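Visitor: Following this line is my_file-v1.cif, made up of mmCIF, C-alpha atoms (C1' of nucleotides):
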```cif
data_work
#
loop_
_atom_site.label_atom_id
_atom_site.label_comp_id
_atom_site.auth_asym_id
_atom_site.auth_seq_id
_atom_site.Cartn_x
_atom_site.Cartn_y
_atom_site.Cartn_z
CA MET J 1 0.00 0.00 0.00
CA LYS J 2 2.51 2.49 1.16
CA ALA J 3 4.87 1.39 -1.60
CA ASP J 4 2.16 1.84 -4.21
CA THR J 5 1.31 5.27 -2.97
CA GLN J 6 4.92 6.32 -3.09
CA ALA J 7 5.24 5.01 -6.60
CA LYS J 8 2.25 7.00 -7.69
CA ASP J 9 3.67 10.11 -6.17
CA VAL J 10 6.90 9.54 -8.02
CA LYS J 11 5.11 8.96 -11.31
CA LEU J 12 3.16 12.15 -10.81
CA LYS J 13 6.26 14.09 -9.90
CA ILE J 14 7.96 12.85 -13.05
CA LEU J 15 4.98 13.71 -15.21
CA ASP J 16 4.73 17.20 -13.77
CA ALA J 17 8.42 17.82 -14.24
CA ALA J 18 8.34 16.49 -17.78
CA LYS J 19 5.31 18.56 -18.68
CA LYS J 20 7.04 21.70 -17.52
CA LEU J 21 10.37 20.93 -19.18
CA PHE J 22 8.98 19.61 -22.46
CA ALA J 23 6.92 22.76 -22.83
CA GLN J 24 9.90 24.92 -22.03
CA LYS J 25 12.67 23.22 -23.90
CA GLY J 26 10.96 20.82 -26.25
CA PHE J 27 11.01 17.04 -26.19
CA GLU J 28 14.43 16.67 -27.75
CA GLY J 29 15.82 19.58 -25.78
CA THR J 30 14.91 17.98 -22.48
CA THR J 31 17.09 15.27 -20.94
CA VAL J 32 15.96 12.50 -18.66
CA ARG J 33 18.44 13.81 -16.12
CA GLN J 34 16.76 17.22 -16.13
CA ILE J 35 13.37 15.64 -15.65
CA CYS J 36 14.54 13.62 -12.67
CA ASP J 37 16.37 16.54 -11.12
CA GLU J 38 13.29 18.72 -11.45
CA ALA J 39 11.17 15.93 -9.98
CA GLY J 40 13.68 15.30 -7.21
CA VAL J 41 14.00 11.60 -7.95
CA ALA J 42 16.75 9.34 -9.19
CA LEU J 43 17.67 9.03 -12.83
CA ALA J 44 16.67 5.40 -13.13
CA LEU J 45 13.03 5.97 -12.23
CA VAL J 46 11.95 7.25 -15.61
CA SER J 47 12.92 3.98 -17.21
CA TYR J 48 11.53 1.98 -14.31
CA HIS J 49 8.10 3.56 -14.22
CA PHE J 50 7.56 4.51 -17.84
CA GLY J 51 10.06 2.51 -19.84
CA GLY J 52 11.81 5.46 -21.42
CA LYS J 53 11.57 9.14 -22.15
CA GLU J 54 9.25 8.68 -25.11
CA ASN J 55 6.65 6.94 -22.98
CA VAL J 56 6.65 9.81 -20.52
CA PHE J 57 5.55 11.99 -23.40
CA TYR J 58 2.73 9.67 -24.34
CA ALA J 59 1.64 9.31 -20.72
CA LEU J 60 1.21 13.08 -20.61
CA PHE J 61 -1.51 12.85 -23.20
CA GLU J 62 -3.25 9.77 -21.92
CA ALA J 63 -5.16 11.27 -19.05
CA PHE J 64 -5.82 13.99 -21.56
CA THR J 65 -9.49 14.33 -22.31
CA PRO J 66 -10.49 17.96 -22.63
CA GLU J 67 -14.19 18.57 -22.86
CA PHE J 68 -14.17 19.80 -26.41
CA LEU J 69 -12.98 16.46 -27.70
CA HIS J 70 -15.99 14.52 -26.59
CA LYS J 71 -18.75 17.01 -26.69
CA ASP J 72 -21.01 16.83 -29.65
CA TYR J 73 -21.23 20.31 -31.03
CA ALA J 74 -23.05 21.08 -34.22
CA LEU J 75 -26.30 20.05 -32.64
CA ALA J 76 -27.46 23.38 -31.34
CA GLU J 77 -27.08 26.66 -33.17
CA PRO J 78 -23.72 27.24 -34.86
CA VAL J 79 -23.15 30.43 -32.89
CA GLU J 80 -23.85 28.70 -29.60
CA ASP J 81 -21.66 25.81 -30.64
CA LEU J 82 -18.78 28.06 -31.54
CA LEU J 83 -19.09 29.94 -28.27
CA SER J 84 -19.05 26.64 -26.38
CA LEU J 85 -16.01 25.45 -28.27
CA ILE J 86 -14.17 28.69 -27.60
CA ARG J 87 -15.07 28.47 -23.95
CA ASP J 88 -14.06 24.85 -23.62
CA PHE J 89 -10.79 25.40 -25.39
CA ALA J 90 -9.97 28.54 -23.42
CA ARG J 91 -10.59 26.73 -20.17
CA PHE J 92 -8.39 23.88 -21.18
CA ARG J 93 -5.68 26.27 -22.30
CA LEU J 94 -5.81 28.11 -19.01
CA ALA J 95 -5.75 24.87 -17.07
CA GLU J 96 -2.98 23.21 -19.06
CA PRO J 97 -0.89 25.82 -20.82
CA GLU J 98 2.14 23.54 -20.95
CA LEU J 99 0.28 20.82 -22.81
CA ILE J 100 -1.00 23.31 -25.37
CA ASN J 101 2.47 24.65 -25.80
CA LEU J 102 3.93 21.19 -26.20
CA LEU J 103 1.24 20.14 -28.62
CA GLN J 104 1.83 23.21 -30.71
CA GLN J 105 5.54 22.48 -30.87
CA GLU J 106 5.02 18.91 -31.92
CA ILE J 107 2.58 19.91 -34.62
CA MET J 108 4.87 22.56 -35.99
CA MET J 109 7.77 20.16 -36.13
CA GLN J 110 5.75 17.33 -37.56
CA SER J 111 7.37 15.26 -34.87
CA PRO J 112 7.51 11.47 -35.13
CA ARG J 113 5.48 11.31 -31.93
CA LEU J 114 2.60 13.05 -33.63
CA ASP J 115 0.94 9.83 -34.72
CA LYS J 116 -0.32 9.17 -31.23
CA VAL J 117 -1.42 12.73 -30.64
CA GLN J 118 -2.92 13.56 -34.01
CA PRO J 119 -6.40 12.31 -33.13
CA ILE J 120 -6.68 14.90 -30.40
CA VAL J 121 -5.95 17.81 -32.69
CA PHE J 122 -7.95 16.37 -35.54
CA ALA J 123 -10.97 16.19 -33.28
CA LEU J 124 -10.77 19.89 -32.48
CA TRP J 125 -10.21 20.62 -36.13
CA LYS J 126 -13.21 18.67 -37.31
CA GLN J 127 -15.50 20.09 -34.67
CA LEU J 128 -14.51 23.61 -35.59
CA ARG J 129 -14.79 22.93 -39.27
CA ALA J 130 -18.26 21.48 -38.94
CA ILE J 131 -19.41 24.44 -36.89
CA LEU J 132 -18.05 26.94 -39.40
CA GLN J 133 -19.75 25.14 -42.24
CA ALA J 134 -23.04 25.02 -40.40
CA GLY J 135 -22.80 28.71 -39.61
CA LYS J 136 -22.16 29.57 -43.21
CA ALA J 137 -25.13 27.47 -44.27
CA THR J 138 -27.45 29.36 -41.95
CA GLY J 139 -26.04 32.65 -43.15
CA GLN J 140 -24.77 33.61 -39.71
CA PHE J 141 -21.08 33.35 -40.58
CA GLU J 142 -19.52 34.97 -43.57
CA TYR J 143 -16.21 33.82 -45.04
CA GLU J 144 -14.79 32.66 -48.34
CA SER J 145 -12.26 29.95 -47.60
CA LEU J 146 -13.17 27.30 -45.06
CA LYS J 147 -9.61 26.08 -44.89
CA HIS J 148 -8.08 29.42 -44.10
CA THR J 149 -10.84 30.43 -41.76
CA VAL J 150 -10.24 27.34 -39.67
CA HIS J 151 -6.59 28.38 -39.54
CA PHE J 152 -7.44 31.90 -38.45
CA VAL J 153 -9.74 30.76 -35.70
CA VAL J 154 -7.33 28.17 -34.38
CA GLY J 155 -4.57 30.75 -34.53
CA ALA J 156 -6.57 33.20 -32.46
CA LEU J 157 -7.54 30.43 -30.04
CA ILE J 158 -4.17 28.88 -29.54
CA PHE J 159 -1.88 31.86 -29.65
CA THR J 160 -3.44 33.58 -26.69
CA ARG J 161 -1.20 32.42 -23.99
CA ASN J 162 0.32 33.39 -20.72
CA SER J 163 3.38 33.98 -22.81
CA SER J 164 5.64 35.89 -20.50
CA PHE J 165 7.70 36.70 -23.56
CA PHE J 166 5.22 38.88 -25.32
CA ASP J 167 3.72 40.30 -22.21
CA GLN J 168 6.99 41.93 -21.27
CA LEU J 169 6.45 44.35 -24.06
CA LEU J 170 2.97 45.30 -23.02
CA GLN J 171 3.62 45.64 -19.34
CA GLU J 172 5.08 49.04 -20.06
CA ASP J 173 1.54 50.29 -19.93
CA GLY J 174 1.42 49.65 -16.25
CA VAL J 175 -2.17 48.59 -16.69
CA GLN J 176 -1.40 44.94 -16.04
CA THR J 177 -4.83 43.64 -15.29
CA ASN J 178 -5.07 39.94 -14.62
CA GLU J 179 -8.34 39.31 -16.32
CA ASP J 180 -10.34 36.38 -15.16
CA GLU J 181 -11.37 33.45 -17.27
CA GLU J 182 -14.74 34.83 -18.30
CA THR J 183 -13.27 38.08 -19.49
CA LEU J 184 -10.70 36.33 -21.62
CA ILE J 185 -13.39 34.13 -23.11
CA ARG J 186 -15.42 37.19 -23.97
CA TYR J 187 -12.49 38.90 -25.68
CA THR J 188 -11.76 35.78 -27.69
CA SER J 189 -15.36 35.24 -28.68
CA ASP J 190 -15.75 38.85 -29.73
CA PHE J 191 -12.70 38.77 -31.96
CA ILE J 192 -13.52 35.47 -33.62
CA LEU J 193 -17.18 36.25 -34.16
CA GLY J 194 -16.13 39.56 -35.65
CA GLY J 195 -13.74 37.78 -37.97
CA LEU J 196 -16.66 35.62 -39.07
CA ARG J 197 -18.73 38.75 -39.64
CA TYR J 198 -21.38 37.58 -37.27
CA GLU J 199 -23.83 40.33 -36.41
CA LYS J 200 -25.33 40.23 -32.99
CA LYS J 201 -29.07 40.48 -33.03
CA MET Y 202 38.54 33.59 -56.23
CA LYS Y 203 37.53 30.09 -56.98
CA ALA Y 204 38.19 29.08 -53.40
CA ASP Y 205 36.05 31.91 -52.08
CA THR Y 206 33.24 31.06 -54.39
CA GLN Y 207 33.27 27.47 -53.32
CA ALA Y 208 33.29 28.48 -49.69
CA LYS Y 209 30.28 30.69 -50.22
CA ASP Y 210 28.45 27.88 -51.91
CA VAL Y 211 29.19 25.62 -49.00
CA LYS Y 212 28.08 28.19 -46.48
CA LEU Y 213 24.85 28.68 -48.40
CA LYS Y 214 24.29 24.96 -48.68
CA ILE Y 215 24.76 24.60 -44.94
CA LEU Y 216 22.40 27.48 -44.20
CA ASP Y 217 19.72 26.08 -46.46
CA ALA Y 218 20.02 22.64 -44.95
CA ALA Y 219 19.95 24.03 -41.43
CA LYS Y 220 16.93 26.20 -42.15
CA LYS Y 221 15.01 23.22 -43.41
CA LEU Y 222 16.04 20.89 -40.60
CA PHE Y 223 15.69 23.37 -37.75
CA ALA Y 224 12.18 24.16 -38.89
CA GLN Y 225 11.34 20.49 -39.16
CA LYS Y 226 12.97 19.05 -36.10
CA GLY Y 227 13.83 22.03 -33.95
CA PHE Y 228 17.25 23.35 -33.04
CA GLU Y 229 17.99 20.76 -30.39
CA GLY Y 230 16.45 18.00 -32.43
CA THR Y 231 18.78 18.64 -35.34
CA THR Y 232 22.32 17.30 -35.34
CA VAL Y 233 25.29 18.79 -37.13
CA ARG Y 234 25.65 15.49 -38.95
CA GLN Y 235 22.15 15.78 -40.35
CA ILE Y 236 22.84 19.31 -41.51
CA CYS Y 237 26.03 18.29 -43.28
CA ASP Y 238 24.45 15.22 -44.82
CA GLU Y 239 21.54 17.29 -46.11
CA ALA Y 240 23.98 19.88 -47.45
CA GLY Y 241 26.20 17.22 -48.93
CA VAL Y 242 29.35 18.41 -47.22
CA ALA Y 243 31.70 17.06 -44.60
CA LEU Y 244 30.93 17.18 -40.92
CA ALA Y 245 33.79 19.49 -40.05
CA LEU Y 246 32.62 22.34 -42.22
CA VAL Y 247 29.98 23.64 -39.87
CA SER Y 248 32.59 24.32 -37.24
CA TYR Y 249 35.04 25.63 -39.82
CA HIS Y 250 32.72 28.13 -41.46
CA PHE Y 251 30.45 29.09 -38.59
CA GLY Y 252 32.21 28.02 -35.43
CA GLY Y 253 29.48 25.73 -34.18
CA LYS Y 254 25.84 24.80 -34.55
CA GLU Y 255 24.61 27.74 -32.51
CA ASN Y 256 26.22 30.23 -34.89
CA VAL Y 257 24.51 28.61 -37.83
CA PHE Y 258 21.25 29.47 -36.14
CA TYR Y 259 22.22 33.09 -35.66
CA ALA Y 260 23.51 33.35 -39.22
CA LEU Y 261 20.06 32.33 -40.43
CA PHE Y 262 18.59 35.46 -38.93
CA GLU Y 263 21.31 37.88 -39.91
CA ALA Y 264 20.44 38.35 -43.55
CA PHE Y 265 16.95 38.53 -42.19
CA THR Y 266 15.36 41.88 -42.84
CA PRO Y 267 11.72 41.51 -43.77
CA GLU Y 268 10.05 44.64 -44.97
CA PHE Y 269 7.74 45.03 -42.05
CA LEU Y 270 10.64 45.50 -39.66
CA HIS Y 271 11.95 48.65 -41.22
CA LYS Y 272 8.88 50.24 -42.66
CA ASP Y 273 7.42 53.05 -40.68
CA TYR Y 274 3.77 52.28 -40.35
CA ALA Y 275 1.49 54.43 -38.27
CA LEU Y 276 2.07 57.32 -40.57
CA ALA Y 277 -0.83 56.85 -42.94
CA GLU Y 278 -4.27 55.74 -41.91
CA PRO Y 279 -4.44 52.91 -39.36
CA VAL Y 280 -6.48 50.75 -41.70
CA GLU Y 281 -4.01 51.23 -44.53
CA ASP Y 282 -1.14 50.58 -42.16
CA LEU Y 283 -2.68 47.38 -40.91
CA LEU Y 284 -3.35 46.19 -44.43
CA SER Y 285 0.25 46.92 -45.35
CA LEU Y 286 1.54 45.07 -42.32
CA ILE Y 287 -0.65 42.07 -43.07
CA ARG Y 288 0.54 42.09 -46.65
CA ASP Y 289 4.21 42.42 -45.75
CA PHE Y 290 4.00 39.70 -43.16
CA ALA Y 291 2.08 37.34 -45.42
CA ARG Y 292 4.64 37.79 -48.17
CA PHE Y 293 7.46 37.10 -45.82
CA ARG Y 294 5.68 34.07 -44.46
CA LEU Y 295 5.12 32.71 -47.93
CA ALA Y 296 8.71 33.38 -48.91
CA GLU Y 297 10.30 31.98 -45.75
CA PRO Y 298 7.93 29.57 -44.07
CA GLU Y 299 10.79 27.71 -42.39
CA LEU Y 300 12.06 30.82 -40.66
CA ILE Y 301 8.61 31.66 -39.37
CA ASN Y 302 8.21 28.14 -38.15
CA LEU Y 303 11.58 28.20 -36.43
CA LEU Y 304 10.94 31.59 -34.89
CA GLN Y 305 7.64 30.40 -33.55
CA GLN Y 306 9.26 27.37 -31.97
CA GLU Y 307 11.96 29.41 -30.31
CA ILE Y 308 9.45 31.88 -28.95
CA MET Y 309 7.25 29.16 -27.57
CA MET Y 310 10.14 27.47 -25.87
CA GLN Y 311 11.62 30.68 -24.57
CA SER Y 312 14.84 29.34 -25.95
CA PRO Y 313 18.19 30.64 -24.73
CA ARG Y 314 18.90 31.78 -28.27
CA LEU Y 315 15.96 34.15 -28.13
CA ASP Y 316 18.02 37.08 -26.92
CA LYS Y 317 19.47 37.63 -30.35
CA VAL Y 318 16.17 37.19 -32.14
CA GLN Y 319 13.86 39.04 -29.78
CA PRO Y 320 14.36 42.42 -31.45
CA ILE Y 321 12.89 41.07 -34.67
CA VAL Y 322 9.69 39.90 -33.04
CA PHE Y 323 9.46 42.90 -30.79
CA ALA Y 324 9.55 45.13 -33.82
CA LEU Y 325 6.56 43.42 -35.37
CA TRP Y 326 4.82 43.51 -32.04
CA LYS Y 327 5.34 47.19 -31.51
CA GLN Y 328 4.31 48.11 -35.04
CA LEU Y 329 1.12 46.14 -34.70
CA ARG Y 330 0.41 47.52 -31.29
CA ALA Y 331 0.86 51.10 -32.43
CA ILE Y 332 -1.42 50.55 -35.39
CA LEU Y 333 -4.13 49.01 -33.24
CA GLN Y 334 -3.96 51.88 -30.79
CA ALA Y 335 -4.14 54.44 -33.55
CA GLY Y 336 -7.12 52.68 -35.07
CA LYS Y 337 -8.94 52.65 -31.79
CA ALA Y 338 -8.24 56.34 -31.33
CA THR Y 339 -9.76 57.18 -34.69
CA GLY Y 340 -12.73 54.98 -33.90
CA GLN Y 341 -12.09 52.68 -36.82
CA PHE Y 342 -11.14 49.68 -34.72
CA GLU Y 343 -13.16 48.37 -31.85
CA TYR Y 344 -11.72 46.18 -29.13
CA GLU Y 345 -11.40 46.11 -25.37
CA SER Y 346 -8.02 44.66 -24.52
CA LEU Y 347 -5.04 45.86 -26.51
CA LYS Y 348 -2.90 43.05 -25.17
CA HIS Y 349 -5.22 40.26 -26.16
CA THR Y 350 -6.10 41.81 -29.46
CA VAL Y 351 -2.44 41.90 -30.43
CA HIS Y 352 -2.32 38.21 -29.56
CA PHE Y 353 -5.35 37.43 -31.68
CA VAL Y 354 -4.03 39.26 -34.70
CA VAL Y 355 -0.59 37.71 -34.46
CA GLY Y 356 -2.19 34.31 -34.01
CA ALA Y 357 -4.23 34.72 -37.15
CA LEU Y 358 -1.20 36.05 -39.03
CA ILE Y 359 1.29 33.44 -37.97
CA PHE Y 360 -0.80 30.34 -37.81
CA THR Y 361 -1.76 30.38 -41.45
CA ARG Y 362 0.85 28.14 -42.89
CA ASN Y 363 1.46 25.64 -45.59
CA SER Y 364 1.09 23.15 -42.79
CA SER Y 365 0.78 19.87 -44.57
CA PHE Y 366 -0.40 18.46 -41.27
CA PHE Y 367 -3.66 20.32 -41.02
CA ASP Y 368 -4.31 20.38 -44.70
CA GLN Y 369 -4.56 16.61 -44.82
CA LEU Y 370 -7.83 16.89 -43.04
CA LEU Y 371 -9.30 19.43 -45.37
CA GLN Y 372 -8.20 17.87 -48.60
CA GLU Y 373 -11.08 15.48 -48.25
CA ASP Y 374 -13.14 18.15 -49.88
CA GLY Y 375 -11.38 17.60 -53.14
CA VAL Y 376 -11.59 21.32 -53.72
CA GLN Y 377 -7.89 21.84 -53.19
CA THR Y 378 -7.41 25.25 -54.72
CA ASN Y 379 -3.92 26.64 -54.54
CA GLU Y 380 -4.80 30.24 -53.88
CA ASP Y 381 -2.31 32.84 -54.93
CA GLU Y 382 -0.67 35.34 -52.67
CA GLU Y 383 -3.17 38.10 -53.20
CA THR Y 384 -6.09 35.87 -52.40
CA LEU Y 385 -4.52 34.71 -49.17
CA ILE Y 386 -3.78 38.30 -48.20
CA ARG Y 387 -7.39 39.21 -48.83
CA TYR Y 388 -8.70 36.35 -46.68
CA THR Y 389 -6.37 37.31 -43.87
CA SER Y 390 -7.22 40.98 -44.06
CA ASP Y 391 -10.93 40.27 -44.09
CA PHE Y 392 -10.76 38.09 -41.02
CA ILE Y 393 -8.59 40.42 -39.00
CA LEU Y 394 -10.50 43.57 -39.93
CA GLY Y 395 -13.67 41.77 -39.01
CA GLY Y 396 -12.18 40.82 -35.65
CA LEU Y 397 -11.44 44.50 -35.12
CA ARG Y 398 -15.03 45.36 -36.06
CA TYR Y 399 -13.90 47.58 -38.85
CA GLU Y 400 -16.75 48.56 -41.13
CA LYS Y 401 -15.92 49.16 -44.74
CA LYS Y 402 -17.17 52.44 -46.05
"C1'" DG W 403 38.93 24.69 -48.25
"C1'" DT W 404 37.65 20.17 -47.64
"C1'" DC W 405 38.02 15.71 -46.12
"C1'" DT W 406 38.52 11.38 -42.66
"C1'" DA W 407 39.43 9.92 -38.16
"C1'" DT W 408 39.17 10.75 -33.43
"C1'" DA W 409 38.75 12.99 -29.02
"C1'" DA W 410 35.82 14.58 -25.22
"C1'" DA W 411 31.35 15.26 -23.44
"C1'" DG W 412 26.63 14.05 -23.17
"C1'" DA W 413 22.70 11.23 -23.94
"C1'" DG W 414 19.35 7.21 -22.52
"C1'" DA W 415 19.09 2.94 -20.40
"C1'" DT W 416 20.43 -0.74 -17.08
"C1'" DA W 417 22.78 -3.59 -13.21
"C1'" DG W 418 22.98 -4.38 -8.76
"C1'" DA W 419 23.03 -2.77 -3.87
"C1'" DC W 420 19.78 -1.42 -0.42
"C1'" DG B 421 10.52 0.99 -5.07
"C1'" DT B 422 14.53 3.71 -5.10
"C1'" DC B 423 19.18 4.70 -5.31
"C1'" DT B 424 24.31 4.98 -7.26
"C1'" DA B 425 27.48 3.55 -10.59
"C1'" DT B 426 28.25 2.18 -15.15
"C1'" DC B 427 27.60 0.71 -20.01
"C1'" DT B 428 26.88 1.96 -24.69
"C1'" DC B 429 25.76 4.94 -28.22
"C1'" DT B 430 25.56 9.53 -30.13
"C1'" DT B 431 26.70 14.12 -29.95
"C1'" DT B 432 29.79 18.31 -31.03
"C1'" DA B 433 34.12 19.81 -32.03
"C1'" DT B 434 38.87 19.33 -33.53
"C1'" DA B 435 43.36 17.41 -35.42
"C1'" DG B 436 45.80 16.35 -39.24
"C1'" DA B 437 46.16 14.54 -44.11
"C1'" DC B 438 45.38 16.20 -48.75
#
```
Hey, can you dump this file as structure tokens for me?

Guide:
Amino acid sequence: MKADTQAKDVKLKILDAAKKLFAQKGFEGTTVRQICDEAGVALALVSYHFGGKENVFYALFEAFTPEFLHKDYALAEPVEDLLSLIRDFARFRLAEPELINLLQQEIMMQSPRLDKVQPIVFALWKQLRAILQAGKATGQFEYESLKHTVHFVVGALIFTRNSSFFDQLLQEDGVQTNEDEETLIRYTSDFILGGLRYEKK
Amino acid sequence: MKADTQAKDVKLKILDAAKKLFAQKGFEGTTVRQICDEAGVALALVSYHFGGKENVFYALFEAFTPEFLHKDYALAEPVEDLLSLIRDFARFRLAEPELINLLQQEIMMQSPRLDKVQPIVFALWKQLRAILQAGKATGQFEYESLKHTVHFVVGALIFTRNSSFFDQLLQEDGVQTNEDEETLIRYTSDFILGGLRYEKK
DNA sequence: GTCTATAAAGAGATAGAC
DNA sequence: GTCTATCTCTTTATAGAC
């Protein structure tokens, strides 16, 4: 019992450390030694518990079931669906910024590990695409290219991050307001709906 | 003469190979051997000509002077300025997709090499920010948070890529039209201006 | 200037003590 | 289950022949 509990703690510590480091330095840029140092455990435990660095990566995405992957959008109104998707994604991004960051890296690099993670991103993609199509059909959304519009929306969704890098620049203003979740969701929704030329009734 | 010319060819071949590989596999994920193999030259020549892998990276961004960095926007109308910036950025992105990809990776990872590249991104950031502020002042743009709006716009600008990954999904349509530059610029401008609630006169 | 061969450091994974 | 010490392979960088 006690042994099991300790093991679980160690596995969690390794996963947390890996999540942080992978997001920060990339999968290839992170060494097993760094992960174990950050987790405060011995080097051998990554191999013992996960069977290698690669499996730590996969384990990160296994308990990974954000709402928007399993919800069935495109049942209600397109506008409502899009707002739900934006909300669900924003919440997930706020809750797990490192995973979003890591996922984005892997996608950009077309990494060999993408095979196992592709379904997750494809799901978001298809949901969004279906919603945009439905909204165009009802005349509520206005755009020419479905393909590019999906890109624009995903770009706006994914790029909004707690990126300390970019925020340096803007902190000059002094008006560093830590908006809450709902406010951020509203900003995002407003921008995207505007981009889709949706007119509020 | 002949020796110099050969050397320049080799340096160019190395830079091209590195650009491609860095974008594909990341800086850390790319080995000097891979670069030299791809370039078709001997392993030692990276150190000889550049003094190490890291300097190859920096060299990639030295001859790197996209229009939008040196233009002085925010002189004409905000809308015209924004359209120019979108156009300049889109052209650069189409011309050098690997560099954009690489830059994006490095930013996301907060890489230690970012110090030398930060000014480039900051310049874009500041230009865009100034334009958005000017447009709000004239009442042509409508948004609440300057910080987030900059994020949204950059997201929409940067995420539109020749990403073979995402396009797989959409090719199902069969309607795989290879839009030209001007068309892509128009799509992008329409989406972003919409997001800013700009109303065409 | 370019090559092959090699040195020195670093990586991931494992053996064996506890 | 966890640790330290080590093995093996790969990495970057350099030395020296041409």

Visitor: Please identify all residues of chain W having at least one atom at most 8 Å from any atom of chain J, considering only C-alpha atoms (C1' of nucleotides), and return them as a PyMOL selection string.

Guide: chain W and resi 413-415

Visitor: In Å to one decimal, how far is atom CA of Ile158 of chain J from atom CA of Tyr344 of chain Y?

Guide: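 Interatomic distance, atom CA of Tyr344 of chain Y to atom CA of Ile158 of chain J: 18.9 Å.
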
Visitor: At what distance in Å, to one decimal, does atom CA of Leu246 of chain Y lie from atom CA of Thr30 of chain J?

Guide: 26.9 Å

Visitor: Can you spell out as a list in words the set of residues that the PyMOL selection byres ((chain Y and resi 346) around 10) selects in the structure I just provided?

Guide: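 Applying the expression gives Thr177, Glu179, Thr183, Leu184 and Tyr187 of chain J; Glu343, Tyr344, Glu345, Leu347, Lys348, His349, Thr350, Val351 and His352 of chain Y.
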
Visitor: Skip segment 434-437 of chain B itself and residues of its chain fewer than 3 positions away, then list as a list in words all residues within 9 Å of it, counting all atoms listed in the file.

Guide: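 Listing them by chain and then by number gives Ala245 and Ser248 of chain Y; DC405, DT406, DA407, DT408 and DA409 of chain W.
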
Visitor: Which is closer to chain Y than all the others in J:Glu98, J:Glu182, J:Glu62, J:Asp81, using only C-alpha atoms?

Guide: J:Glu98

Visitor: Have a look at atom CA of Phe27 of chain J and atom CA of Lys8 of chain J and let me know their distance in Å, one decimal.

Guide: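 Going from atom CA of Phe27 of chain J over to atom CA of Lys8 of chain J covers 22.8 Å.
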
Visitor: Check which residues satisfy the PyMOL selection byres ((chain B) within 10 of (chain Y)) in the file shown, then give them as a ChimeraX atom specification.

Guide: /B:430-434

Visitor: Carefully work through the PyMOL selection byres ((chain Y) within 7 of (chain J)) for this structure and note down the residues it includes, as a ChimeraX atom specification.

Guide: /Y:224-227,229-230,302,306,309-312,348-349,352-354,356-357,360-361,371,392-398

Visitor: Can those selected residues be exported to a file as a compact mmCIF listing (two decimals), in the frame of the given file so that it contains C-alpha atoms?

Guide:
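Contents of result32.txt, as written:
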```txt
# COMPACT_ATOMS: atom_id res chain seq x y z
CA ALA Y 224 12.18 24.16 -38.89
CA GLN Y 225 11.34 20.49 -39.16
CA LYS Y 226 12.97 19.05 -36.10
CA GLY Y 227 13.83 22.03 -33.95
CA GLU Y 229 17.99 20.76 -30.39
CA GLY Y 230 16.45 18.00 -32.43
CA ASN Y 302 8.21 28.14 -38.15
CA GLN Y 306 9.26 27.37 -31.97
CA MET Y 309 7.25 29.16 -27.57
CA MET Y 310 10.14 27.47 -25.87
CA GLN Y 311 11.62 30.68 -24.57
CA SER Y 312 14.84 29.34 -25.95
CA LYS Y 348 -2.90 43.05 -25.17
CA HIS Y 349 -5.22 40.26 -26.16
CA HIS Y 352 -2.32 38.21 -29.56
CA PHE Y 353 -5.35 37.43 -31.68
CA VAL Y 354 -4.03 39.26 -34.70
CA GLY Y 356 -2.19 34.31 -34.01
CA ALA Y 357 -4.23 34.72 -37.15
CA PHE Y 360 -0.80 30.34 -37.81
CA THR Y 361 -1.76 30.38 -41.45
CA LEU Y 371 -9.30 19.43 -45.37
CA PHE Y 392 -10.76 38.09 -41.02
CA ILE Y 393 -8.59 40.42 -39.00
CA LEU Y 394 -10.50 43.57 -39.93
CA GLY Y 395 -13.67 41.77 -39.01
CA GLY Y 396 -12.18 40.82 -35.65
CA LEU Y 397 -11.44 44.50 -35.12
CA ARG Y 398 -15.03 45.36 -36.06
```

Visitor: Put a box with edges along x, y and z around all the listed atoms of segment 421-437 of chain B, pad it by 4 Å on each side, then give me its centre and sizes in Å, one decimal, as JSON.

Guide:
```
{"center_x": 28.3, "center_y": 10.3, "center_z": -24.6, "size_x": 43.6, "size_y": 27.1, "size_z": 47.0}
```

Visitor: I'd like the contact shell of segment 83-95 of chain J - 7 Å cut-off, all atoms listed in the file, skipping same-chain residues fewer than 5 positions apart - returned as a list in words.

Guide: Pro66, Glu67, Phe68, Ile100, Ile185 and Ser189 of chain J
